[in-house]
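Only one structure is covered here, and it is reproduced in the block below.
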Amino acid sequence: MVDVKRIQEGNYDLLTVVGDVDASSSIELDNAIEEAIESGGKKFLIDCSNLDYISSAGLGVLEEFRKRDITMIIYGLNEKVANVFEILGLDQLLVIKQTKEEAKAALG
C-alpha cells in the first residue's frame, strides 16, 4: 500500500511517497506523477524518506518518467531501498540526493 501526496512548493512539485510501492500499488505512483505533469508540472522532487519498499514495477514507473521532458530528483532513500536502486543501476540513470536541501539545490 502506498500513499502519494503532492504539494506545490515554489517552482516545483513535491511528491511524498509513503509506504510500499509494489506491482499492485505502482499504478498509484504512476497516476500521481502523470497528474502532476498534466497539470503543468515540469520540476519534481520525490520525497522517499517514508518509502519502505519498492519493487521493480515501482522502479519502472520512475524510470519511465525519467524519459519525459521533466526534471525529477529523488531524495531520502533508506539504505534498503537505495540498495535496490544501485543493484538495478538506476542510481546511474536517476538523480538521487540524500536530503531535500541537496535536491532543491540540484533543481537550480
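Residue numbers start at 1 in each chain; chains themselves are named A, B, ... in the order of the C-alpha cells; ligands are numbered from 1 in the order shown.
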
request  = Based on DSSP run over this structure's backbone, return all residues of chain A in strand (DSSP E or B), as a PyMOL selection string.
outcome  = chain A and resi 2-9+12-21+43-54+71-75+95-97

Would you write out those residues with N, CA, C and O atoms, as a compact mmCIF listing (two decimals), in the first residue's frame?
# COMPACT_ATOMS: atom_id res chain seq x y z
N VAL A 2 0.55 2.18 -0.86
CA VAL A 2 1.32 3.41 -0.97
C VAL A 2 0.38 4.60 -0.92
O VAL A 2 -0.78 4.51 -1.36
N ASP A 3 0.89 5.67 -0.37
CA ASP A 3 0.16 6.94 -0.36
C ASP A 3 1.10 7.98 -0.97
O ASP A 3 2.25 8.08 -0.56
N VAL A 4 0.60 8.71 -1.96
CA VAL A 4 1.41 9.74 -2.62
C VAL A 4 0.71 11.07 -2.43
O VAL A 4 -0.43 11.24 -2.85
N LYS A 5 1.40 11.99 -1.78
CA LYS A 5 0.86 13.33 -1.55
C LYS A 5 1.61 14.31 -2.44
O LYS A 5 2.83 14.21 -2.59
N ARG A 6 0.89 15.26 -3.01
CA ARG A 6 1.51 16.25 -3.90
C ARG A 6 1.19 17.65 -3.43
O ARG A 6 0.03 17.97 -3.18
N ILE A 7 2.23 18.46 -3.29
CA ILE A 7 2.03 19.88 -2.99
C ILE A 7 2.97 20.70 -3.87
O ILE A 7 4.03 20.22 -4.27
N GLN A 8 2.55 21.90 -4.18
CA GLN A 8 3.37 22.83 -4.96
C GLN A 8 4.22 23.64 -3.98
O GLN A 8 3.69 24.19 -3.02
N GLU A 9 5.51 23.69 -4.22
CA GLU A 9 6.42 24.49 -3.41
C GLU A 9 7.28 25.31 -4.37
O GLU A 9 8.14 24.76 -5.05
N TYR A 12 8.44 24.10 -8.11
CA TYR A 12 8.44 22.65 -8.29
C TYR A 12 7.28 22.02 -7.52
O TYR A 12 6.68 22.61 -6.65
N ASP A 13 6.99 20.77 -7.90
CA ASP A 13 6.01 19.96 -7.18
C ASP A 13 6.78 19.00 -6.29
O ASP A 13 7.78 18.42 -6.71
N LEU A 14 6.30 18.85 -5.06
CA LEU A 14 6.87 17.89 -4.12
C LEU A 14 5.91 16.72 -4.02
O LEU A 14 4.74 16.89 -3.66
N LEU A 15 6.39 15.54 -4.39
CA LEU A 15 5.61 14.31 -4.25
C LEU A 15 6.21 13.51 -3.11
O LEU A 15 7.39 13.16 -3.15
N THR A 16 5.41 13.26 -2.09
CA THR A 16 5.87 12.48 -0.94
C THR A 16 5.28 11.08 -1.05
O THR A 16 4.07 10.91 -1.13
N VAL A 17 6.16 10.09 -1.07
CA VAL A 17 5.76 8.69 -1.23
C VAL A 17 5.89 8.01 0.13
O VAL A 17 6.95 8.00 0.74
N VAL A 18 4.77 7.43 0.60
CA VAL A 18 4.74 6.79 1.92
C VAL A 18 4.26 5.35 1.75
O VAL A 18 3.23 5.09 1.13
N GLY A 19 5.02 4.42 2.31
CA GLY A 19 4.61 3.02 2.31
C GLY A 19 5.42 2.18 1.35
O GLY A 19 6.62 2.37 1.19
N ASP A 20 4.73 1.24 0.70
CA ASP A 20 5.36 0.28 -0.20
C ASP A 20 4.85 0.48 -1.62
O ASP A 20 3.63 0.60 -1.83
N VAL A 21 5.76 0.48 -2.57
CA VAL A 21 5.38 0.54 -3.98
C VAL A 21 5.71 -0.82 -4.58
O VAL A 21 6.87 -1.16 -4.79
N LYS A 43 9.06 20.32 -12.93
CA LYS A 43 10.13 20.05 -11.97
C LYS A 43 9.53 19.35 -10.75
O LYS A 43 8.56 19.84 -10.17
N PHE A 44 10.15 18.23 -10.38
CA PHE A 44 9.61 17.42 -9.30
C PHE A 44 10.70 16.98 -8.33
O PHE A 44 11.78 16.57 -8.75
N LEU A 45 10.38 17.09 -7.05
CA LEU A 45 11.17 16.45 -6.02
C LEU A 45 10.32 15.28 -5.53
O LEU A 45 9.13 15.45 -5.25
N ILE A 46 10.94 14.12 -5.45
CA ILE A 46 10.24 12.92 -4.98
C ILE A 46 10.83 12.57 -3.62
O ILE A 46 11.98 12.13 -3.51
N ASP A 47 10.05 12.80 -2.57
CA ASP A 47 10.48 12.53 -1.20
C ASP A 47 10.21 11.07 -0.88
O ASP A 47 9.06 10.64 -0.76
N CYS A 48 11.27 10.29 -0.75
CA CYS A 48 11.15 8.87 -0.48
C CYS A 48 11.59 8.52 0.95
O CYS A 48 11.89 7.36 1.24
N SER A 49 11.62 9.52 1.82
CA SER A 49 12.09 9.26 3.18
C SER A 49 11.15 8.35 3.96
O SER A 49 11.55 7.74 4.95
N ASN A 50 9.90 8.20 3.50
CA ASN A 50 8.96 7.28 4.14
C ASN A 50 8.58 6.13 3.23
O ASN A 50 7.55 5.48 3.43
N LEU A 51 9.41 5.89 2.22
CA LEU A 51 9.23 4.74 1.33
C LEU A 51 9.92 3.54 1.96
O LEU A 51 11.12 3.56 2.18
N ASP A 52 9.14 2.52 2.27
CA ASP A 52 9.69 1.35 2.95
C ASP A 52 10.19 0.27 2.00
O ASP A 52 11.09 -0.50 2.32
N TYR A 53 9.56 0.21 0.82
CA TYR A 53 9.88 -0.86 -0.14
C TYR A 53 9.49 -0.40 -1.53
O TYR A 53 8.48 0.30 -1.69
N ILE A 54 10.26 -0.79 -2.53
CA ILE A 54 9.89 -0.53 -3.92
C ILE A 54 10.26 -1.75 -4.75
O ILE A 54 11.36 -2.30 -4.63
N THR A 71 12.12 17.45 -15.03
CA THR A 71 13.24 17.29 -14.11
C THR A 71 12.70 16.60 -12.87
O THR A 71 11.75 17.08 -12.25
N MET A 72 13.27 15.46 -12.53
CA MET A 72 12.81 14.68 -11.38
C MET A 72 14.02 14.32 -10.53
O MET A 72 14.96 13.70 -11.02
N ILE A 73 13.97 14.74 -9.26
CA ILE A 73 15.05 14.44 -8.33
C ILE A 73 14.46 13.69 -7.15
O ILE A 73 13.49 14.13 -6.53
N ILE A 74 15.04 12.56 -6.86
CA ILE A 74 14.59 11.69 -5.77
C ILE A 74 15.50 11.92 -4.58
O ILE A 74 16.72 12.08 -4.73
N TYR A 75 14.91 11.95 -3.39
CA TYR A 75 15.76 12.09 -2.19
C TYR A 75 15.18 11.32 -1.02
O TYR A 75 14.01 10.93 -1.02
N VAL A 95 18.47 11.00 -10.88
CA VAL A 95 19.17 11.92 -9.98
C VAL A 95 18.67 11.63 -8.57
O VAL A 95 17.48 11.77 -8.29
N ILE A 96 19.58 11.21 -7.70
CA ILE A 96 19.24 10.85 -6.33
C ILE A 96 20.11 11.65 -5.38
O ILE A 96 21.34 11.66 -5.52
N LYS A 97 19.48 12.30 -4.42
CA LYS A 97 20.19 13.09 -3.41
C LYS A 97 19.81 12.56 -2.03
O LYS A 97 18.80 11.89 -1.86

task = Please identify all polymer residues within 12 Å of A:Leu93, counting only C-alpha atoms, omitting same-chain residues fewer than 6 positions from it, and present them as a PyMOL selection string.
result = chain A and resi 59-60+62-67+72-74+85-86

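Atom pair atom CA of A:Ser24 / atom CA of A:Val84: separated by 18.2 Å.
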